[in-house]
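structure.tsv (TSV, C-alpha atoms and all ligand atoms)
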```
chain	number	residue	atom	x	y	z
A	1	MET	CA	-7.60	53.92	-62.80
A	2	SER	CA	-8.85	57.49	-62.42
A	3	TRP	CA	-11.32	59.82	-64.12
A	4	SER	CA	-10.54	63.09	-65.87
A	5	MET	CA	-12.59	66.31	-65.54
A	6	ASN	CA	-14.55	65.49	-68.71
A	7	GLY	CA	-15.52	62.10	-67.35
A	8	SER	CA	-13.30	59.96	-69.59
A	9	LYS	CA	-11.33	57.09	-68.12
A	10	GLN	CA	-7.64	57.65	-67.56
A	11	THR	CA	-5.00	55.16	-66.57
A	12	SER	CA	-2.75	56.29	-63.71
A	13	ARG	CA	0.87	56.13	-64.67
A	14	ALA	CA	3.97	56.39	-62.54
A	15	CYS	CA	7.49	56.78	-63.80
A	16	PHE	CA	10.35	55.21	-61.87
A	17	ALA	CA	14.07	55.71	-62.35
A	18	ILE	CA	17.07	53.83	-61.06
A	19	GLY	CA	20.84	53.79	-61.52
A	20	ASP	CA	23.12	56.43	-62.95
A	21	LEU	CA	20.13	58.50	-64.03
A	22	VAL	CA	19.15	59.05	-60.40
A	23	GLY	CA	22.55	60.26	-59.23
A	24	ALA	CA	25.76	59.36	-57.46
A	25	PRO	CA	27.34	57.04	-56.65
A	26	TRP	CA	27.41	55.85	-60.26
A	27	LEU	CA	28.01	52.18	-59.53
A	28	ALA	CA	26.56	48.93	-60.85
A	29	HIS	CA	25.70	47.50	-57.43
A	30	LYS	CA	23.88	50.70	-56.49
A	31	ALA	CA	21.87	50.55	-59.74
A	32	MET	CA	21.03	46.90	-59.17
A	33	HIS	CA	19.92	47.46	-55.58
A	34	GLU	CA	17.72	50.37	-56.65
A	35	GLY	CA	16.23	48.14	-59.35
A	36	VAL	CA	15.23	45.55	-56.75
A	37	ILE	CA	13.74	48.21	-54.47
A	38	CYS	CA	11.84	49.71	-57.41
A	39	VAL	CA	10.30	46.40	-58.50
A	40	GLU	CA	9.43	45.47	-54.91
A	41	HIS	CA	7.69	48.84	-54.57
A	42	ILE	CA	5.76	48.38	-57.84
A	43	ALA	CA	4.74	44.89	-56.71
A	44	GLY	CA	3.49	46.35	-53.43
A	45	LEU	CA	5.79	44.23	-51.32
A	46	ASN	CA	6.55	45.45	-47.83
A	47	THR	CA	10.22	44.55	-48.37
A	48	ALA	CA	10.74	47.84	-50.24
A	49	HIS	CA	13.12	50.02	-48.23
A	50	PRO	CA	14.99	53.29	-48.69
A	51	LEU	CA	18.57	53.04	-49.90
A	52	ASP	CA	21.15	54.82	-47.76
A	53	VAL	CA	23.84	55.91	-50.23
A	54	ARG	CA	26.26	56.41	-47.33
A	55	ASN	CA	26.36	52.64	-46.96
A	56	ILE	CA	27.39	51.87	-50.55
A	57	PRO	CA	31.01	50.77	-50.92
A	58	GLY	CA	33.09	52.15	-53.77
A	59	CYS	CA	35.92	50.08	-55.25
A	60	THR	CA	38.74	50.78	-57.68
A	61	TYR	CA	40.26	47.71	-59.31
A	62	CYS	CA	43.77	49.00	-59.73
A	63	ARG	CA	46.92	47.64	-58.06
A	64	PRO	CA	47.01	48.14	-55.18
A	65	GLN	CA	43.23	48.05	-54.93
A	66	VAL	CA	41.29	50.90	-53.33
A	67	ALA	CA	38.02	50.54	-51.41
A	68	SER	CA	36.01	52.97	-49.39
A	69	ILE	CA	32.69	53.41	-47.62
A	70	GLY	CA	31.03	56.25	-45.74
A	71	LEU	CA	32.59	59.47	-44.55
A	72	THR	CA	36.21	60.49	-44.82
A	73	GLU	CA	37.80	62.01	-41.73
A	74	ALA	CA	37.48	65.50	-43.28
A	75	LYS	CA	33.78	65.02	-44.10
A	76	ALA	CA	33.11	63.60	-40.64
A	77	LYS	CA	34.62	66.68	-39.04
A	78	GLU	CA	32.38	68.92	-41.16
A	79	GLY	CA	29.47	67.37	-39.27
A	80	GLY	CA	30.17	69.54	-36.23
A	81	PRO	CA	30.10	68.01	-32.78
A	82	ARG	CA	28.96	64.65	-34.16
A	83	GLY	CA	31.75	64.27	-36.61
A	84	ALA	CA	35.06	64.00	-34.80
A	85	GLY	CA	36.57	60.74	-35.89
A	86	ARG	CA	39.63	58.92	-34.57
A	87	PRO	CA	41.21	57.37	-37.63
A	88	LEU	CA	44.62	55.78	-37.94
A	89	PRO	CA	46.39	54.16	-40.85
A	90	VAL	CA	47.68	50.63	-40.52
A	91	HIS	CA	50.60	49.43	-42.60
A	92	ARG	CA	52.37	46.09	-43.03
A	93	GLN	CA	49.78	43.47	-43.82
A	94	TRP	CA	51.34	40.07	-43.17
A	95	GLN	CA	49.15	38.26	-45.68
A	96	GLY	CA	49.78	41.08	-48.14
A	97	ILE	CA	53.50	40.40	-47.83
A	98	ALA	CA	52.85	36.73	-48.62
A	99	LEU	CA	50.79	37.73	-51.65
A	100	GLY	CA	53.58	40.00	-52.90
A	101	GLU	CA	51.53	43.14	-52.17
A	102	PRO	CA	53.03	44.48	-48.93
A	103	GLU	CA	51.73	48.03	-49.24
A	104	GLY	CA	48.62	48.61	-47.18
A	105	PHE	CA	46.50	51.20	-45.52
A	106	VAL	CA	43.32	51.02	-43.48
A	107	LYS	CA	41.68	54.02	-41.97
A	108	THR	CA	38.50	53.88	-39.93
A	109	VAL	CA	36.48	56.91	-38.88
A	110	PHE	CA	34.20	56.80	-35.85
A	111	ASP	CA	31.76	59.17	-34.23
A	112	ALA	CA	33.56	60.58	-31.22
A	113	LYS	CA	30.39	60.63	-29.12
A	114	THR	CA	28.60	57.41	-30.00
A	115	GLY	CA	31.45	55.29	-31.35
A	116	GLU	CA	29.44	54.51	-34.50
A	117	LEU	CA	31.49	53.56	-37.53
A	118	LEU	CA	31.19	56.49	-39.96
A	119	GLY	CA	33.62	55.44	-42.66
A	120	ALA	CA	36.38	53.08	-43.70
A	121	HIS	CA	39.06	53.54	-46.35
A	122	MET	CA	41.44	50.86	-47.52
A	123	ILE	CA	44.30	50.47	-49.96
A	124	GLY	CA	45.98	47.13	-50.50
A	125	ALA	CA	45.63	43.51	-51.52
A	126	GLU	CA	42.02	42.33	-51.96
A	127	VAL	CA	40.53	45.33	-50.18
A	128	THR	CA	37.63	45.34	-52.68
A	129	GLU	CA	36.62	42.04	-51.05
A	130	LEU	CA	37.39	43.13	-47.49
A	131	ILE	CA	35.36	46.35	-47.61
A	132	GLN	CA	32.16	44.31	-47.38
A	133	GLY	CA	33.01	43.58	-43.74
A	134	PHE	CA	32.87	47.29	-43.02
A	135	ALA	CA	29.75	47.63	-45.23
A	136	ILE	CA	27.87	45.17	-43.02
A	137	ALA	CA	29.24	46.82	-39.88
A	138	LYS	CA	28.16	50.24	-41.13
A	139	ALA	CA	24.69	49.09	-42.19
A	140	LEU	CA	24.22	47.69	-38.67
A	141	GLU	CA	25.50	50.94	-37.09
A	142	THR	CA	28.29	49.03	-35.41
A	143	THR	CA	30.45	50.79	-32.83
A	144	GLU	CA	34.20	50.67	-32.26
A	145	GLN	CA	33.65	48.50	-29.15
A	146	GLU	CA	31.75	45.89	-31.16
A	147	LEU	CA	34.44	45.83	-33.83
A	148	MET	CA	37.22	45.56	-31.26
A	149	ARG	CA	35.44	42.60	-29.62
A	150	THR	CA	34.95	40.83	-32.95
A	151	VAL	CA	37.30	37.91	-33.55
A	152	PHE	CA	39.15	38.04	-36.86
A	153	PRO	CA	40.83	34.89	-38.19
A	154	HIS	CA	44.61	34.62	-38.38
A	155	PRO	CA	46.51	34.81	-40.64
A	156	THR	CA	44.26	36.82	-42.94
A	157	LEU	CA	44.14	40.17	-44.65
A	158	SER	CA	41.01	40.95	-42.62
A	159	GLU	CA	43.12	41.23	-39.46
A	160	MET	CA	44.28	44.66	-40.59
A	161	MET	CA	40.66	45.85	-40.29
A	162	HIS	CA	40.68	44.84	-36.63
A	163	GLU	CA	44.12	46.38	-36.13
A	164	SER	CA	42.97	49.70	-37.57
A	165	VAL	CA	40.14	49.94	-35.02
A	166	LEU	CA	42.42	48.90	-32.15
A	167	ALA	CA	45.00	51.41	-33.33
A	168	ALA	CA	42.43	54.20	-33.26
A	169	TYR	CA	41.56	53.49	-29.62
A	170	THR	CA	43.60	51.19	-27.42
A	171	GLY	CA	46.62	50.63	-29.65
A	172	ALA	CA	47.33	48.03	-32.31
A	173	LEU	CA	48.63	44.62	-31.25
A	174	HIS	CA	50.94	43.89	-34.15
A	175	ILE	CA	52.10	47.24	-35.52
B	201	LIG	C1	34.14	51.78	-68.33
B	201	LIG	C2	33.26	51.66	-67.12
B	201	LIG	C3	33.66	50.85	-66.08
B	201	LIG	C4	32.85	50.70	-64.97
B	201	LIG	N1	33.24	49.89	-63.95
B	201	LIG	C5	32.45	49.72	-62.89
B	201	LIG	C6	32.82	48.83	-61.84
B	201	LIG	O1	33.86	48.20	-61.86
B	201	LIG	N2	31.98	48.69	-60.79
B	201	LIG	C7	30.81	49.38	-60.73
B	201	LIG	O2	30.08	49.20	-59.76
B	201	LIG	N3	30.42	50.23	-61.69
B	201	LIG	C8	31.22	50.41	-62.78
B	201	LIG	N4	30.84	51.27	-63.77
B	201	LIG	C9	29.57	52.01	-63.62
B	201	LIG	C10	28.38	51.10	-63.96
B	201	LIG	O3	28.57	50.51	-65.22
B	201	LIG	C11	27.12	51.95	-63.96
B	201	LIG	O4	27.01	52.65	-62.72
B	201	LIG	C12	25.89	51.07	-64.12
B	201	LIG	O5	25.98	50.31	-65.30
B	201	LIG	C13	24.65	51.96	-64.16
B	201	LIG	O6	23.53	51.15	-64.42
B	201	LIG	P1	22.29	51.78	-65.13
B	201	LIG	O7	21.24	50.71	-65.16
B	201	LIG	O8	21.94	53.10	-64.56
B	201	LIG	O9	22.78	52.10	-66.62
B	201	LIG	P2	23.34	51.11	-67.73
B	201	LIG	O10	23.97	49.91	-67.16
B	201	LIG	O11	24.17	51.97	-68.64
B	201	LIG	O12	22.04	50.61	-68.45
B	201	LIG	C14	21.32	51.46	-69.29
B	201	LIG	C15	20.74	50.62	-70.42
B	201	LIG	O13	19.82	51.40	-71.13
B	201	LIG	C16	20.02	51.16	-72.51
B	201	LIG	N5	19.51	52.31	-73.24
B	201	LIG	C17	20.07	53.52	-73.35
B	201	LIG	N6	19.27	54.32	-74.08
B	201	LIG	C18	18.20	53.58	-74.43
B	201	LIG	C19	17.03	53.85	-75.19
B	201	LIG	N7	16.80	55.05	-75.73
B	201	LIG	N8	16.13	52.87	-75.33
B	201	LIG	C20	16.34	51.65	-74.76
B	201	LIG	N9	17.42	51.35	-74.03
B	201	LIG	C21	18.34	52.31	-73.87
B	201	LIG	C22	21.52	50.94	-72.66
B	201	LIG	O14	21.81	50.23	-73.83
B	201	LIG	C23	21.82	50.14	-71.40
B	201	LIG	O15	21.67	48.75	-71.61
B	201	LIG	C24	31.62	51.41	-64.90
B	201	LIG	C25	31.23	52.25	-65.95
B	201	LIG	C26	32.04	52.36	-67.05
B	201	LIG	C27	31.59	53.25	-68.18
```
Please lay out the structure from this file as structure tokens.
Ligand SMILES: Cc1cc2nc3c(=O)[nH]c(=O)nc-3n(C[C@H](O)[C@H](O)[C@H](O)COP(=O)(O)OP(=O)(O)OC[C@H]3O[C@@H](n4cnc5c(N)ncnc54)[C@H](O)[C@@H]3O)c2cc1C
Amino acid sequence: MSWSMNGSKQTSRACFAIGDLVGAPWLAHKAMHEGVICVEHIAGLNTAHPLDVRNIPGCTYCRPQVASIGLTEAKAKEGGPRGAGRPLPVHRQWQGIALGEPEGFVKTVFDAKTGELLGAHMIGAEVTELIQGFAIAKALETTEQELMRTVFPHPTLSEMMHESVLAAYTGALHI
């Protein structure tokens, strides 16, 4: 509640916006997350937090599926000294072959100085599910060392995520 210059009571009003109206990426999960943040903020909860749009995965439900998060190699390099990534594609997913979708591609982009995961780009079977592994890694500012030391189950599609990081640094084990 506030008072105007002529002494009459005025109710303070705030206008909040979420979703497509706010801007890219125009995705349902981004809109929903902003909605939660907005309501938490209105309710005065200390759980309200800024949303980092660089950590929002984008998925295309075609065949093969496409999934992506963060910076591409080209965008990373635009970042000057910080942005030199070491990406490498990985083909031949063994589980993908079993699923009848043998075409695959995983590309990871890392900060050349710090090793932080900057982006991940995937084409292939079930990559719209797999990208969440990189989304968590990116939100936690995971490095290439931490990803390389992570144990991935075999035989799974997720192994190609591990392989892509190994390939970018020490060399893939199965390619
Ligand atoms: C064909 C298509 C496929 C998509 N597929 C995906 C996908 O696979 N994954 C994904 O993440 N995103 C997808 N999207 C994008 C996703 O739907 C949007 O990013 C998301 O719905 C945005 O949420 P929003 O709340 O901003 O808007 P909306 O979901 O559009 O909600 C806006 C609401 O406001 C209502 N409204 C409009 N005007 C008024 C008014 N004057 N008064 C009262 N109510 C009003 C509308 O009826 C609607 O219910 C797709 C979009 C399209 C069009």
Shortest interatomic distance to His154 in chain A - which of A:Ala168, A:Gln132, A:Phe16, A:His174, counting only C-alpha atoms: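 So, comparing all the options, the nearest one is A:His174.
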With distances taken over all atoms listed in the file, the candidate from A:His49, A:Glu101, A:Glu126, A:Gly119 nearest Leu71 in chain A is A:Gly119
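With only C-alpha atoms as the atoms that count, the residue of A:Arg54, A:His29, A:Lys113, A:His121 with the shortest distance to Glu144 in chain A is A:Lys113.
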Requested in this report: Within 7 Å of (25.7, 54.4, -42.0) (coordinates as in the file), grab all the protein and nucleic acid residues, counting all atoms listed in the file, and write them out as a PyMOL selection string.
Outcome: chain A and resi 54-55+70+118+138-139+141
Judged by all atoms listed in the file, the minimum distance to Gly58 in chain A among A:Lys75, A:Lys30, A:Arg149, A:Arg13 is found for A:Lys30
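The space separating CA of Ala172 in chain A from CA of Phe110 in chain A comes to 16.2 Å.
Once only C-alpha atoms and all ligand atoms are used for the distance check, the residues close to ligand LIG 201 (chain B) at 10 Å turn out to be Ala17, Ile18, Gly19, Asp20, Leu21, Val22, Gly23, Ala24, Pro25, Trp26, Leu27, Ala28, His29, Lys30, Ala31, Met32, Glu34, Gly35, Ile56, Pro57, Gly58, Cys59, Thr60 and Tyr61 of chain A.
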**Asked** Separation of CA of Leu51 in chain A and CA of Ala120 in chain A, in Å?
**Response**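 Separating CA of Leu51 in chain A from CA of Ala120 in chain A is a distance of 18.9 Å.
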Using only C-alpha atoms, the best pick from A:Leu157, A:Ala125, A:Glu163, A:Val151 as closest to Val66 in chain A would be A:Ala125
Notebook entry, point to check: Which of these, A:Glu159, A:Asp52, A:Glu73, A:Glu40, has the shortest distance to Ala135 in chain A once you count only C-alpha atoms?
Noted result: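 Checking each of A:Glu159, A:Asp52, A:Glu73, A:Glu40 against Ala135 in chain A, counting only C-alpha atoms, the winner is A:Asp52.
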